[in-house]
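Content type PDB, C-alpha atoms, from the file target29.pdb:
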ATOM      1  CA  MET Z   1     111.492  92.318 110.608
ATOM      2  CA  ASN Z   2     113.184  92.272 107.193
ATOM      3  CA  ARG Z   3     113.339  95.869 105.926
ATOM      4  CA  LYS Z   4     115.161  95.143 102.685
ATOM      5  CA  VAL Z   5     113.816  96.869  99.559
ATOM      6  CA  SER Z   6     113.234  94.225  96.887
ATOM      7  CA  VAL Z   7     111.877  93.887  93.366
ATOM      8  CA  SER Z   8     108.212  92.965  93.412
ATOM      9  CA  LYS Z   9     105.066  92.890  91.264
ATOM     10  CA  LEU Z  10     102.266  95.404  90.871
ATOM     11  CA  PRO Z  11      99.701  94.547  93.575
ATOM     12  CA  LYS Z  12      96.607  92.904  92.077
ATOM     13  CA  ASP Z  13      94.342  95.235  94.086
ATOM     14  CA  SER Z  14      96.029  98.404  92.798
ATOM     15  CA  GLU Z  15      93.789 100.942  91.067
ATOM     16  CA  VAL Z  16      96.667 102.434  89.050
ATOM     17  CA  LEU Z  17      95.687 100.566  85.868
ATOM     18  CA  SER Z  18      92.556 102.756  85.739
ATOM     19  CA  PHE Z  19      94.793 105.807  85.317
ATOM     20  CA  ILE Z  20      96.935 104.831  82.332
ATOM     21  CA  THR Z  21      95.912 103.640  78.890
ATOM     22  CA  ARG Z  22      98.780 101.310  78.039
ATOM     23  CA  ILE Z  23     101.837  99.989  79.867
ATOM     24  CA  ASP Z  24     105.088 100.052  77.925
ATOM     25  CA  TYR Z  25     107.232  99.807  81.059
ATOM     26  CA  GLU Z  26     106.528  98.796  84.652
ATOM     27  CA  ASP Z  27     108.588  98.241  87.772
ATOM     28  CA  THR Z  28     107.676  97.668  91.398
ATOM     29  CA  PHE Z  29     109.701  97.682  94.603
ATOM     30  CA  ALA Z  30     108.475  96.506  98.014
ATOM     31  CA  VAL Z  31     109.485  96.811 101.654
ATOM     32  CA  ALA Z  32     107.962  96.029 105.039
ATOM     33  CA  LEU Z  33     106.501  99.073 106.765
ATOM     34  CA  GLN Z  34     107.722  99.912 110.244
ATOM     35  CA  ASN Z  35     104.348 101.484 111.132
ATOM     36  CA  ILE Z  36     101.457  99.710 109.399
ATOM     37  CA  ASP Z  37      99.005 102.428 110.533
ATOM     38  CA  ILE Z  38     100.820 105.265 108.743
ATOM     39  CA  ALA Z  39      98.523 107.263 106.430
ATOM     40  CA  ILE Z  40      99.148 106.745 102.717
ATOM     41  CA  GLU Z  41      99.728 110.508 102.298
ATOM     42  CA  ASP Z  42     102.489 110.364 104.903
ATOM     43  CA  VAL Z  43     104.073 107.368 103.191
ATOM     44  CA  TYR Z  44     104.114 109.272  99.894
ATOM     45  CA  LEU Z  45     105.646 112.383 101.457
ATOM     46  CA  ASN Z  46     108.134 110.397 103.529
ATOM     47  CA  VAL Z  47     109.500 108.755 100.389
ATOM     48  CA  PHE Z  48     109.249 111.509  97.751
ATOM     49  CA  ALA Z  49     109.889 114.658  99.823
ATOM     50  CA  HIS Z  50     113.251 113.457 101.172
ATOM     51  CA  SER Z  51     115.422 112.577  98.193
ATOM     52  CA  PRO Z  52     119.095 111.812  98.816
ATOM     53  CA  LYS Z  53     121.363 114.703  97.749
ATOM     54  CA  TRP Z  54     122.801 112.782  94.806
ATOM     55  CA  VAL Z  55     119.238 112.179  93.514
ATOM     56  CA  ASN Z  56     118.487 115.916  93.694
ATOM     57  CA  SER Z  57     121.678 116.647  91.766
ATOM     58  CA  LEU Z  58     120.762 114.063  89.146
ATOM     59  CA  LEU Z  59     117.252 115.549  88.802
ATOM     60  CA  LYS Z  60     118.699 119.045  88.300
ATOM     61  CA  LEU Z  61     120.907 117.705  85.510
ATOM     62  CA  ARG Z  62     117.957 115.833  84.004
ATOM     63  CA  ASN Z  63     115.836 118.998  84.062
ATOM     64  CA  LYS Z  64     118.471 120.987  82.184
ATOM     65  CA  ILE Z  65     118.709 118.308  79.501
ATOM     66  CA  VAL Z  66     115.015 117.491  79.028
ATOM     67  CA  LYS Z  67     113.981 121.143  78.873
ATOM     68  CA  LEU Z  68     115.627 121.130  75.413
ATOM     69  CA  PHE Z  69     113.104 118.453  74.329
ATOM     70  CA  GLY Z  70     110.020 120.240  75.657
ATOM     71  CA  ILE Z  71     109.542 117.979  78.686
ATOM     72  CA  LYS Z  72     108.125 119.702  81.764
ATOM     73  CA  THR Z  73     110.562 120.510  84.540
ATOM     74  CA  ASN Z  74     108.500 122.602  86.970
ATOM     75  CA  VAL Z  75     108.555 121.448  90.569
ATOM     76  CA  GLY Z  76     105.894 122.385  93.106
ATOM     77  CA  GLU Z  77     106.260 122.431  96.850
ATOM     78  CA  MET Z  78     105.861 119.110  98.691
ATOM     79  CA  LYS Z  79     103.432 119.823 101.527
ATOM     80  CA  LYS Z  80     100.726 117.595 102.926
ATOM     81  CA  GLU Z  81      98.162 120.340 102.244
ATOM     82  CA  ASN Z  82      98.923 120.004  98.508
ATOM     83  CA  LEU Z  83      98.024 116.325  98.489
ATOM     84  CA  LYS Z  84      94.663 116.750  96.823
ATOM     85  CA  VAL Z  85      93.425 114.996  93.721
ATOM     86  CA  GLY Z  86      94.162 117.188  90.712
ATOM     87  CA  GLU Z  87      96.834 119.235  92.511
ATOM     88  CA  LYS Z  88     100.535 119.094  91.787
ATOM     89  CA  THR Z  89     102.941 118.456  94.628
ATOM     90  CA  GLY Z  90     106.645 118.224  93.941
ATOM     91  CA  ILE Z  91     107.029 117.090  90.360
ATOM     92  CA  PHE Z  92     103.902 114.919  90.283
ATOM     93  CA  LYS Z  93     100.200 115.565  89.911
ATOM     94  CA  ILE Z  94      97.984 113.600  92.318
ATOM     95  CA  TYR Z  95      95.467 111.439  90.438
ATOM     96  CA  ALA Z  96      93.844 109.524  93.305
ATOM     97  CA  ILE Z  97      94.060 109.053  97.055
ATOM     98  CA  TYR Z  98      92.537 105.975  98.669
ATOM     99  CA  ASP Z  99      93.028 104.630 102.198
ATOM    100  CA  ASN Z 100      95.750 102.248 101.006
ATOM    101  CA  GLU Z 101      96.954 103.762  97.717
ATOM    102  CA  LEU Z 102      98.047 107.092  96.304
ATOM    103  CA  ILE Z 103      98.417 107.474  92.553
ATOM    104  CA  ALA Z 104     100.532 110.287  91.122
ATOM    105  CA  GLY Z 105     102.210 111.003  87.822
ATOM    106  CA  GLU Z 106     102.258 113.272  84.835
ATOM    107  CA  ASP Z 107     101.112 113.392  81.238
ATOM    108  CA  GLU Z 108     103.799 114.643  78.909
ATOM    109  CA  LYS Z 109     103.842 115.144  75.164
ATOM    110  CA  HIS Z 110     106.322 112.287  74.792
ATOM    111  CA  LEU Z 111     105.225 109.910  77.542
ATOM    112  CA  ASP Z 112     102.750 109.498  80.396
ATOM    113  CA  PHE Z 113     103.610 107.867  83.696
ATOM    114  CA  ARG Z 114     101.887 106.870  86.900
ATOM    115  CA  ILE Z 115     103.304 106.016  90.292
ATOM    116  CA  SER Z 116     101.349 103.845  92.703
ATOM    117  CA  VAL Z 117     102.220 104.031  96.400
ATOM    118  CA  PHE Z 118     100.331 101.038  97.820
ATOM    119  CA  LYS Z 119     100.263  99.546 101.301
ATOM    120  CA  ASN Z 120      98.681  96.289 102.301
ATOM    121  CA  GLU Z 121      99.204  94.015 105.297
ATOM    122  CA  GLY Z 122     102.330  95.870 106.408
ATOM    123  CA  ILE Z 123     103.988  95.862 102.982
ATOM    124  CA  LEU Z 124     104.635  99.008 100.960
ATOM    125  CA  THR Z 125     104.945  98.706  97.190
ATOM    126  CA  ILE Z 126     105.842 101.543  94.875
ATOM    127  CA  SER Z 127     105.179 100.915  91.201
ATOM    128  CA  THR Z 128     106.030 103.004  88.159
ATOM    129  CA  LEU Z 129     104.090 102.556  84.927
ATOM    130  CA  VAL Z 130     105.097 104.330  81.720
ATOM    131  CA  GLN Z 131     103.295 104.769  78.420
ATOM    132  CA  TYR Z 132     105.283 106.047  75.439
ATOM    133  CA  ASN Z 133     103.405 108.555  73.283
ATOM    134  CA  ASN Z 134     105.975 108.786  70.488
ATOM    135  CA  TRP Z 135     109.518 107.820  69.515
ATOM    136  CA  LEU Z 136     111.002 110.632  71.610
ATOM    137  CA  GLY Z 137     109.301 109.241  74.729
ATOM    138  CA  ARG Z 138     110.710 105.808  73.954
ATOM    139  CA  LEU Z 139     114.220 107.268  73.417
ATOM    140  CA  TYR Z 140     113.994 109.421  76.553
ATOM    141  CA  PHE Z 141     112.967 106.520  78.754
ATOM    142  CA  PHE Z 142     115.565 104.206  77.204
ATOM    143  CA  ILE Z 143     118.180 106.660  78.476
ATOM    144  CA  VAL Z 144     116.466 107.276  81.839
ATOM    145  CA  LYS Z 145     115.468 103.686  82.689
ATOM    146  CA  PRO Z 146     118.735 102.539  84.329
ATOM    147  CA  PHE Z 147     118.822 105.709  86.457
ATOM    148  CA  HIS Z 148     115.123 105.406  87.292
ATOM    149  CA  LYS Z 149     115.548 101.941  88.803
ATOM    150  CA  VAL Z 150     118.481 103.037  90.966
ATOM    151  CA  VAL Z 151     116.738 106.255  92.063
ATOM    152  CA  ALA Z 152     113.430 104.546  92.887
ATOM    153  CA  LYS Z 153     115.077 101.870  94.992
ATOM    154  CA  SER Z 154     117.425 104.383  96.666
ATOM    155  CA  MET Z 155     114.569 106.669  97.674
ATOM    156  CA  MET Z 156     112.771 103.762  99.341
ATOM    157  CA  LYS Z 157     115.996 102.624 101.045
ATOM    158  CA  SER Z 158     116.579 106.154 102.323
ATOM    159  CA  ALA Z 159     113.065 106.299 103.796
ATOM    160  CA  VAL Z 160     113.655 102.928 105.524
ATOM    161  CA  LYS Z 161     117.138 103.857 106.777
ATOM    162  CA  ASN Z 162     115.841 107.115 108.253
ATOM    163  CA  ASN Z 163     112.783 105.416 109.801
ATOM    164  CA  ARG Z 164     110.301 107.485 107.784
ATOM    165  CA  ILE Z 165     108.283 104.465 106.632
TER     166      ILE Z 165
END
Before we go any further, please render this structure as structure tokens.
Amino acid sequence: MNRKVSVSKLPKDSEVLSFITRIDYEDTFAVALQNIDIAIEDVYLNVFAHSPKWVNSLLKLRNKIVKLFGIKTNVGEMKKENLKVGEKTGIFKIYAIYDNELIAGEDEKHLDFRISVFKNEGILTISTLVQYNNWLGRLYFFIVKPFHKVVAKSMMKSAVKNNRI
């Protein structure tokens, strides 16, 4: 089984488009799941609750910088019990939980974003969609975009390498 994380496309059956008004940026990565019966909540936690150390360090630096621009930096605890629609877990609010998809994200003054964690026929896709709300959101994401792609792919690779997904 090929377990390489690769660039992909937003799944056509994803519900994430119902949770964002406009898409100014989108990326999707895919990988084969080791356990196709894993619950979508467990997939989400197994990817987002186990960041590599360098990612955590980068996020701490990001939080110090963006706090100056009024962007939220609060982080909640990542526990399965917190995975309820409308609740915040980690740095993301949960918008929807379906059998095969979990949608999380945040609305900020400068930009809104949604993350879709979607599984279908043994393939996991994680998509990020961003909507800029003003020029500061556009500038912020211009700076963050190269890091975002590396972090997103690395978090999926880490989950694969450690047999969490």
Worksheet item: In terms of the shortest atom-to-atom distance over only C-alpha atoms, which of Z:Leu17, Z:Ile38, Z:Leu111, Z:Val130 is closest to Z:Arg164?
Response: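 Checking each candidate against Z:Arg164, we get Z:Ile38 as the closest.
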Worksheet item: Given the choices Z:Met156, Z:Val16, Z:Pro11, Z:Leu61, which gets closest to Z:Ile97 if the distance is worked out from all atoms listed in the file?
Response: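 That would be Z:Val16, the residue with the smallest distance to Z:Ile97.
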Practice prompt. Tell me, in Å to one decimal, how far atom CA of Z:Asp42 is from atom CA of Z:Ser8.
Written response: 21.6 Å
Item to complete: Determine the residue set returned by the PyMOL selection byres ((chain Z and resi 7) around 9) for the present structure, and present it as an NGL selection string.
Response: :Z and (5-6 or 8-9 or 27-30 or 153)
Worksheet item: How would you write as a count of residues only the residues that get within 10 Å of (108.3, 104.6, 100.3) in the file's frame, counting all atoms listed in the file?
Response: 31
Within 8 Å of stretch 103-106 of chain Z using only C-alpha atoms, minus same-chain residues under 3 positions, as a CSV table (one decimal) with C-alpha atoms, in the frame of the given file:
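Okay, selection.csv is ready:
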chain,number,residue,atom,x,y,z
Z,16,VAL,CA,96.7,102.4,89.0
Z,92,PHE,CA,103.9,114.9,90.3
Z,93,LYS,CA,100.2,115.6,89.9
Z,94,ILE,CA,98.0,113.6,92.3
Z,95,TYR,CA,95.5,111.4,90.4
Z,96,ALA,CA,93.8,109.5,93.3
Z,97,ILE,CA,94.1,109.1,97.1
Z,112,ASP,CA,102.8,109.5,80.4
Z,113,PHE,CA,103.6,107.9,83.7
Z,114,ARG,CA,101.9,106.9,86.9
Z,115,ILE,CA,103.3,106.0,90.3
Z,116,SER,CA,101.3,103.8,92.7
Z,117,VAL,CA,102.2,104.0,96.4
Practice prompt. Grab the atom CA of Z:Asn35 to atom CA of Z:Pro52 distance for me, in Å with one decimal place.
Written response: 21.8 Å
Discussion item. Can you pull out the residues contacting Z:Phe147? Cut-off 12 Å, using only C-alpha atoms, and skip same-chain residues under 3 positions away; I want them as a ChimeraX atom specification.
Written reply: /Z:54-55,58-59,62,140-144,150-154
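Counting from atom CA of Z:Asn100, the distance to atom CA of Z:Asn120 is 6.8 Å.
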